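A.B. asks: Got a structure for you, written out below as structure tokens; questions coming shortly.
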Amino acid sequence: MKIYKRQNTRLLNPLLRNIIYHGKITGLLIILNFVALTSILAQNSTVSVTGKVVDAANAPLAGVTVQVKKSNISTTTDTAGSFSLTAPNRNAVLVFTYVGFDGQEMIAGNGNLTVQLKAASNSLGEVVVVGYGTQKRVSVTGAVDRVGSAVIEDRPVANVTQALQGTSPGLIIQQRLFQPVSGALNINIRGLGTINNNDPLIVIDGIIGGDLNLINPADIDNVSVLKDAGAAAIYGSRSANGVILVTTKKGRKNQKSAVSYSGMYGIQTPRYTFKQVDGWKNAEYKNISLINSGRPVQYTAAQIDAFKQQGNGTWRLENIMQNAPQQSHNITVSGGGANNTFFISAGYFDQRSMFVGPDYGAKRFNFRLNQSTTINKFTLTTILSYVKGIYKEPSTGTEGLVIDATRVPLIYSFEDANGNYLGNSVSGSNSKAILEKGGYQNSNNDEINGNFTGEYAFNSHFKVRGVFGGVVRANTQFQRQVNLVYNGGNYGNDRRIYDENAKSLFTNVQLLGEYTNNWGKHDLTVLVGGTNESYRFERNRVQKQATDSLLGIPTTGTTITVPNADNAATNTFNSNSNTSESSLNSLLARISYGYDDKYFIEGNFRYDGSSNFPKDSRWGFFPSIGAKWRISEENFMAGYKAKVGDLMLRATYGILGSQGVDPYQFISSFRTNNNVYGFGNATGGTAQNPVSGGQIFVANQDLTWEKAESYNLGLDATFFNRKLNFSFEYYHKLTDDILGNREDVPGFYGIGPANSAYTGLPTYNISSVMSKGWEATISYDLKGKLFTHSFMANIADNQNELRTLSGNVQEYEFKREEFWFVRRVGLPITTYRGYVTNGLYQTTDELNKYPKFTGNNPDLGDLKYVDQNGDGKIDPADRVMLGNPFPRYTFGFTYNVAFKGFDATLFIQGVGKRDALIRGELIEAYHYGYSGTMYEHQEDFWRPDNTDAKWPRIAENGSNSNNNNYKIGSDIYLFNAAYGRLKNISIGYSLPASILAKLHMQRARIYLNGQNLLTVSRQKIIDPEQSEFNNRVDINSGANSARSYPTPVYYGMGLDITF
Amino acid sequence: MLSKLLNKTIFILVVIVIISSCKKMDLKPVDRFTDENFWLVNGNVSNALNTCYQRIFNSQRFFYNEALSDNAYAQLDVNVGTPSAIASGNDGLFTPDLARILSDWGFYYNGIYACNLFLENVDQNQSIDLNTKNRMKAEARFIRAFHYFRLMNWFGDVPLITNIEPDIDAVKNTARTPKAEVLNFVLSELDAAITDLPKKEDYAGADKGRVTKAAAKTLKARVLLYQGTPATYAQVITICEDLMNNQATNGTYNTLQPTYSSVFALNNELNAEVIFDLTYIGANVRVYDEPSRFIPISAPAQNSENYNAPTQELVNSYVMANGKAITESGSGYNENIPYAGRDPRFSATIVHDQAVWTNPNGSTQIIYIKPGSDPNPSRLNEQGSGLHTPTGYYWKKYFDPASVSDNRSHINLILLRWSDVLLMYAEAKNALGQFNTAVWDLTIKPVRTRAGFTDALALNYPGNSTRTMTDVIRNERRSELALESLRIDDIRRWKIAETVMNGWVHGGKWGPPAIDNGYVRVTERRWLPKHYLWPVPAIEIQKDAKLLPQNPGW
């Protein structure tokens, strides 16, 4: 078969490609080492220096880094704030740095120094983790946000992603689903910039490929969010969506060992957003709906009376939910000697599910050892972490359980008087029975995350670092469905069990050389390195059915589920048909130069080769350049600096990449599908022989990198003697060659993209998207005599726009249920299209006057539609763009206040503008006939005695009225999903130092906290954070409906103790 | 000194680790053939052809197409995409972006792709013997012709794609081929297939179920019958006579099974009446679950949900055991005991109120459907709103308790069978005014005999009936072929859809007597002249404007 091929013109630098081909990287690295090894310097004679570092209140500061300037001699202060080191001579300059304080320099002199550090009211002195290293905030040119551990602690979150919500402007986190384990979070930086995956790259302690949801929030020292090309380009082909760098806590040199405990315990309470109407009322409404459809009523007046007498049944969401505890406990031991540091932690997190049933929920155990040893010029850092996750979930999906519990009239109950489960004519599926007796799904997942870093400092200027890191995951899952038969329903007929095992290994090898020097007013740092990342994944599964009904073990009649055309994901398979591998070789460099602490310029470069792309388009070059000007340091600004504060400008420009594709797509291949058909027939019997099929997957030999060209402008300023900090960013990103599914393939071509029903086509470079926006952060510290306040607010806006679509067409329109999702050049990535309503028909005069759909005969109380083009009829030409489903004006607000030993934190987070579609039974009464009840928010519907109604007349599926009102995608389904949420609040009390000393404690604090306590939104039907879109903006997503696990509201308390 | 040595040693170790971990960049999948070697392996060539078979048709279309017609009503969306939206009251409003229409368009072209791929590449293989290869090609050509027949039946003019163009952009300006040309292609392809295909007896045991000469001829007869011109009727007659008279060439199919039910029985698959069927295999190898959603709730139906229910209109169409329609004088029909004394196929096809249901363990139960009639009041009503039968009837045909485990059945689904040949022959003869006692005795009589009629009034040619022979033949077709996905084709080609698809669909007689004589109103349907052809899917026109003009009325 011929494969269409065209000359690739996208290669950036064929010369580089030839020099550094796979394997040749290593040669270069060896040369680099040689140069390094031959340049060791001799040592000088010395002077011994001791001293103490204190803060403004003369309290000792532990962990301050004390370094001899322009050398690698350094130490840190102990818990008493004391330090000692050996300086080369008396004139040596000691540099004191500590996170959250301004740095200070001092001459070594005769030793025995007392150094008072000033708390940094701005963050210029702070050290920021950046790609493959750290930088002082003052020299950073890119858009990097640092989130400290203080923001993450105290919050009763299940994982780090939740903890980061609202902490950094432009870091958009949307919790789509709230159940433990499989709760879904969308995380993206600066909104959606591509129609491919928008997940940022996650890097934990320098190793790519970590899982934010597995790391213990209590182990985190800080998180850096790299938002622009200037900061992220060093991660090259994976950086287009930004990078999140997580750094875990370390011990400090010369630090007395300290033991800390922190624990939290609380109760989650479900927050319900909608309720079924009373059973008897529903019977009346159902009759109205039937009458409006020209059909006979279902309930007699006597029956309705009887429903009223007997009261409501128990078939409602509240009866499959319960309050559930959540707790976490962490113990850490950390400390360090002259040549080593250690940090050991053990954590336990347990979130019980709010579903009734046998103890559903998630448990996570975290263990961590971060250790470093220095032997002369060599430092070995070892990071080892082990995570075990034990998850128990119901044997069927959460969405089904919720919907089956909510769309049944309240005349029904889950159980009869004797406790026997029941079905009913609306839903035979009894959620309570399934939760309590229907089986379960257990997951038992292990992850080992290791990272060995050896750093050799040849002299004060040059050091070389070798890193070997990796992530091993071994996940197992067991599911059993128990057969339940009850009056009016049945479940789990196939008595299914399965075991699934998945194993993956990710390894990352890095070799980096770093040269730093400063002379005169010049400051230069050069970082050069090479890395390889390799990944291998394999999975197998054994599934059986018709197992023993009591034990779920194989018995007479049990069969192994064989693969067939319908169960590709759930059959029995072996690892050789579920293996994938990929590899990425890279060279990287960063050059940063500063002049007089006033002007900074920085370049980042990465050259990546990925096995996911064909040979000719495998390599990509990703450069960025950035500059910064501290205007307030200029002489002519001296007056401004003294009176107002700092002022600086930043700018970066660069090209980032993305390689989010499945491997092997440039090879045309055939998959063998089992049991697609059968032939043969024994006489009178049924014994066909199953046969396999061969399914083609076509190649794309032009596949190449997705590239994002972006720039960022930043402004940082302080006011009121640095009490008020302000920073502002503006960015613009143009993503081209977006990797995705071609939507322009005609159906008659015969096969379509991977997301279509008739898959067979590979990923292509299909389209381009522009994304732009701004971010602002403002923080203010107010220290009174008694109270200390701090305020921090951030807000960000992002807008995206499709620039080109696959096949160079202007528009694709996709119908999903009643709605149209539109992808159109010049508009946001996906927009809603539909009809605009114009109130209800109230008079026969109106019925005659207003334009209608051809063939439909609405009646009084039905919806009128706007005839946009005025042609006297309502047809598809009258649809308009209804809204934009992407969050804009995302904001976070934090307020801290301290008074003597008391402290309080308040954290509010939300979205300023978003449109959301809600469909299904929550809007349409008796949706498709399979929803049996109305909800309280729907009761204000049109009746002859209630003409001033919010909702149109109700009627049955298939009727004129229903067709006119609810089978039309119109703005009655459109809601304003802006919201503000009191996400977190905590009130604590710390014991004073005098009492602590008697107790031999360093710190003791007790606090009360709460989460999701208050939500303000005009859309009250479902949680306003819910979205139908995953982080790929998948056009095939369904719309929002009444299927989500309720939002948990958390109340609890916590304790922090350090000895 | 020692530590320096240690440093160097560690350093060198790190370098070694880095070198050794540098991974190869040219990775290949380990679980797939690539196009370099796929076609050279004989087993792969068979697999590629098997994929063509897999895509011929599927159980969803087979069963839910019935709900597009006046025979059934499906209240729920189903996988193939809302037949209710096409067939129920919504029809006046359904637009060219309806999922079901796009689904069919894509389905058939996906099948065509597999056939084109096979036909284009099979000759790369030199080790399969020529005869086998020619037969395999003929199988693929039959399947491709089947797809084009379905496409032109739904859409009229459609793009005629007979090869694989690697450059997707190059096919984007393809226009629709006039229906007449597609028809010629289908007929000539079938002619070619007829030449190279063997009769069923010539297939070895392991190959039974493959396309045969008779299958290709029967399909050709159906294609011609659907065209409905005197010329094509004449050709239908020729083909049917060939099938009836030249069994040595075409295979033997005229051994009618002892009962109507046994034609569709699990233990009688590939019986003599079957000309071509879709193969299904037990133990979850290749199965389908639709019939478990069509049976009584107390049977029990899968998830206690009904997805497809026969209409009162279909029930009324079954004649009495004496061959008379229930509306005819002297039929003996009693509206109060409506299910007694009917065409034996009625109770073999439909579960009605108070019908006796056989459970998988052989025990029986009475199905109480009429609301309030169940002596066990705690049991859920079979009929009502919600998920139970909206009409008061369930399907029995194609549900064999013995074939079902875990709600899944594996009875082969018959696409072409002998009764259809007889009824096509009857229809064509009648259309050309050539119907007589001899034709009756060759066609309707054996079909009715096998159905279990014993009354001579029903079995013998009703010379001077009050009903026209056209009505009798059409009704015979409706009763014989119910739930075989053919009714929607028939009402469209007879152009009676405007009559039978407009107005209320009804259920059993337990509604308020004042409304529609007490027959429960289920849904109101509407059929407009434009519905005789489906529109080209809207999204397809977005992708290729050359598909315009749209079909009339859309």
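Residues in the structure tokens are numbered from 1 in each chain, the chains being A, B, ... in the order shown, and ligands are numbered from 1 in the order shown.
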Among stretch 301-498 of chain A, which ones does DSSP place in strand (DSSP E), written as a PyMOL selection string?
C.D. replies: chain A and resi 324-336+340-352+361-375+378-394+439-457+462-481+484-486+489-491+497-498
A.B. asks: Excluding stretch 545-552 of chain A and residues on its chain fewer than 2 positions from it, collect all residues at most 9 Å away from it, counting only C-alpha atoms, and give them as a PDB file with N, CA and C atoms, in the first residue's frame.
C.D. replies:
```
ATOM      1  N   ARG A 480     -15.198  -7.162  41.465  1.00  0.00           N
ATOM      2  CA  ARG A 480     -16.161  -8.259  41.507  1.00  0.00           C
ATOM      3  C   ARG A 480     -17.564  -7.679  41.485  1.00  0.00           C
ATOM      4  N   GLN A 481     -18.394  -8.227  40.615  1.00  0.00           N
ATOM      5  CA  GLN A 481     -19.809  -7.860  40.621  1.00  0.00           C
ATOM      6  C   GLN A 481     -20.615  -9.037  41.140  1.00  0.00           C
ATOM      7  N   VAL A 482     -21.430  -8.739  42.139  1.00  0.00           N
ATOM      8  CA  VAL A 482     -22.242  -9.780  42.752  1.00  0.00           C
ATOM      9  C   VAL A 482     -23.627  -9.726  42.118  1.00  0.00           C
ATOM     10  N   ASN A 483     -24.155 -10.879  41.820  1.00  0.00           N
ATOM     11  CA  ASN A 483     -25.485 -10.916  41.212  1.00  0.00           C
ATOM     12  C   ASN A 483     -26.556 -10.638  42.260  1.00  0.00           C
ATOM     13  N   ASN A 493     -25.620  -9.821  36.462  1.00  0.00           N
ATOM     14  CA  ASN A 493     -25.956 -11.175  35.998  1.00  0.00           C
ATOM     15  C   ASN A 493     -24.731 -11.982  35.616  1.00  0.00           C
ATOM     16  N   ASP A 494     -23.711 -11.293  35.099  1.00  0.00           N
ATOM     17  CA  ASP A 494     -22.579 -12.083  34.600  1.00  0.00           C
ATOM     18  C   ASP A 494     -21.612 -12.485  35.712  1.00  0.00           C
ATOM     19  N   ARG A 495     -21.884 -12.055  36.955  1.00  0.00           N
ATOM     20  CA  ARG A 495     -21.040 -12.440  38.096  1.00  0.00           C
ATOM     21  C   ARG A 495     -19.565 -12.373  37.713  1.00  0.00           C
ATOM     22  N   ARG A 496     -19.180 -11.144  37.385  1.00  0.00           N
ATOM     23  CA  ARG A 496     -17.879 -10.912  36.771  1.00  0.00           C
ATOM     24  C   ARG A 496     -16.808 -10.663  37.824  1.00  0.00           C
ATOM     25  N   ILE A 497     -15.635 -11.174  37.589  1.00  0.00           N
ATOM     26  CA  ILE A 497     -14.464 -10.754  38.361  1.00  0.00           C
ATOM     27  C   ILE A 497     -13.346 -10.435  37.375  1.00  0.00           C
ATOM     28  N   TYR A 498     -12.510  -9.517  37.752  1.00  0.00           N
ATOM     29  CA  TYR A 498     -11.302  -9.361  36.940  1.00  0.00           C
ATOM     30  C   TYR A 498     -10.141  -8.878  37.782  1.00  0.00           C
ATOM     31  N   GLN A 543     -10.130 -11.774  33.097  1.00  0.00           N
ATOM     32  CA  GLN A 543     -11.519 -11.552  33.471  1.00  0.00           C
ATOM     33  C   GLN A 543     -12.306 -12.837  33.323  1.00  0.00           C
ATOM     34  N   PRO A 554     -13.924 -19.081  40.725  1.00  0.00           N
ATOM     35  CA  PRO A 554     -14.340 -19.917  39.590  1.00  0.00           C
ATOM     36  C   PRO A 554     -15.042 -21.182  40.078  1.00  0.00           C
ATOM     37  N   THR A 555     -16.061 -21.564  39.356  1.00  0.00           N
ATOM     38  CA  THR A 555     -16.812 -22.752  39.731  1.00  0.00           C
ATOM     39  C   THR A 555     -17.378 -23.352  38.455  1.00  0.00           C
ATOM     40  N   THR A 556     -18.236 -24.330  38.576  1.00  0.00           N
ATOM     41  CA  THR A 556     -18.826 -24.936  37.392  1.00  0.00           C
ATOM     42  C   THR A 556     -19.485 -23.857  36.541  1.00  0.00           C
ATOM     43  N   GLY A 557     -19.174 -23.838  35.270  1.00  0.00           N
ATOM     44  CA  GLY A 557     -19.804 -22.858  34.387  1.00  0.00           C
ATOM     45  C   GLY A 557     -19.022 -21.570  34.239  1.00  0.00           C
ATOM     46  N   THR A 558     -18.004 -21.372  35.031  1.00  0.00           N
ATOM     47  CA  THR A 558     -17.219 -20.143  34.917  1.00  0.00           C
ATOM     48  C   THR A 558     -16.424 -20.142  33.612  1.00  0.00           C
ATOM     49  N   THR A 559     -16.432 -18.998  32.945  1.00  0.00           N
ATOM     50  CA  THR A 559     -15.654 -18.900  31.709  1.00  0.00           C
ATOM     51  C   THR A 559     -14.726 -17.694  31.784  1.00  0.00           C
ATOM     52  N   ILE A 560     -13.688 -17.764  31.011  1.00  0.00           N
ATOM     53  CA  ILE A 560     -12.791 -16.618  30.866  1.00  0.00           C
ATOM     54  C   ILE A 560     -13.372 -15.726  29.786  1.00  0.00           C
ATOM     55  N   THR A 561     -13.428 -14.443  30.037  1.00  0.00           N
ATOM     56  CA  THR A 561     -13.962 -13.524  29.031  1.00  0.00           C
ATOM     57  C   THR A 561     -12.947 -13.393  27.918  1.00  0.00           C
TER      58      THR A 561
ATOM     59  N   ASP B 406     -26.236 -14.295  30.665  1.00  0.00           N
ATOM     60  CA  ASP B 406     -25.799 -12.941  30.955  1.00  0.00           C
ATOM     61  C   ASP B 406     -26.458 -11.943  29.995  1.00  0.00           C
TER      62      ASP B 406
END
```
A.B. asks: Could you pull out the alpha helix (DSSP H) residues of stretch 592-802 of chain A from DSSP and send them as a PyMOL selection string?
C.D. replies: chain A and resi 638-643
A.B. asks: Keeping only N, CA and C atoms, take the residues you just selected and write them out as a PDB file, in the first residue's frame.
C.D. replies:
```
ATOM      1  N   ALA A 638      16.341  57.102  41.897  1.00  0.00           N
ATOM      2  CA  ALA A 638      16.665  56.966  43.322  1.00  0.00           C
ATOM      3  C   ALA A 638      15.556  57.557  44.184  1.00  0.00           C
ATOM      4  N   GLY A 639      15.043  58.702  43.742  1.00  0.00           N
ATOM      5  CA  GLY A 639      13.976  59.349  44.505  1.00  0.00           C
ATOM      6  C   GLY A 639      12.742  58.472  44.548  1.00  0.00           C
ATOM      7  N   TYR A 640      12.410  57.915  43.404  1.00  0.00           N
ATOM      8  CA  TYR A 640      11.240  57.038  43.321  1.00  0.00           C
ATOM      9  C   TYR A 640      11.415  55.838  44.238  1.00  0.00           C
ATOM     10  N   LYS A 641      12.589  55.254  44.188  1.00  0.00           N
ATOM     11  CA  LYS A 641      12.847  54.059  44.980  1.00  0.00           C
ATOM     12  C   LYS A 641      12.674  54.359  46.464  1.00  0.00           C
ATOM     13  N   ALA A 642      13.173  55.508  46.878  1.00  0.00           N
ATOM     14  CA  ALA A 642      13.091  55.853  48.283  1.00  0.00           C
ATOM     15  C   ALA A 642      11.646  56.132  48.702  1.00  0.00           C
ATOM     16  N   LYS A 643      10.908  56.787  47.809  1.00  0.00           N
ATOM     17  CA  LYS A 643       9.561  57.212  48.206  1.00  0.00           C
ATOM     18  C   LYS A 643       8.494  56.157  47.914  1.00  0.00           C
TER      19      LYS A 643
END
```
A.B. asks: Could you check which of B:Ala265, B:Met320, B:Ala456, B:Ala234 is closest to chain A, using only C-alpha atoms?
C.D. replies: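 Closest to chain A, using only C-alpha atoms: B:Ala265.
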A.B. asks: For a quick check of understanding, using only C-alpha atoms, which of A:Tyr749, A:Phe378, A:Phe178, A:Phe478 has the smallest distance to B:Leu117?
C.D. replies: A:Tyr749
A.B. asks: Please list as number ranges by chain every residue within 12 Å of B:Asn376, counting only C-alpha atoms and excluding residues in the same chain fewer than 3 positions away.
C.D. replies: A: 487; B: 298, 366-368, 371-373, 379-381
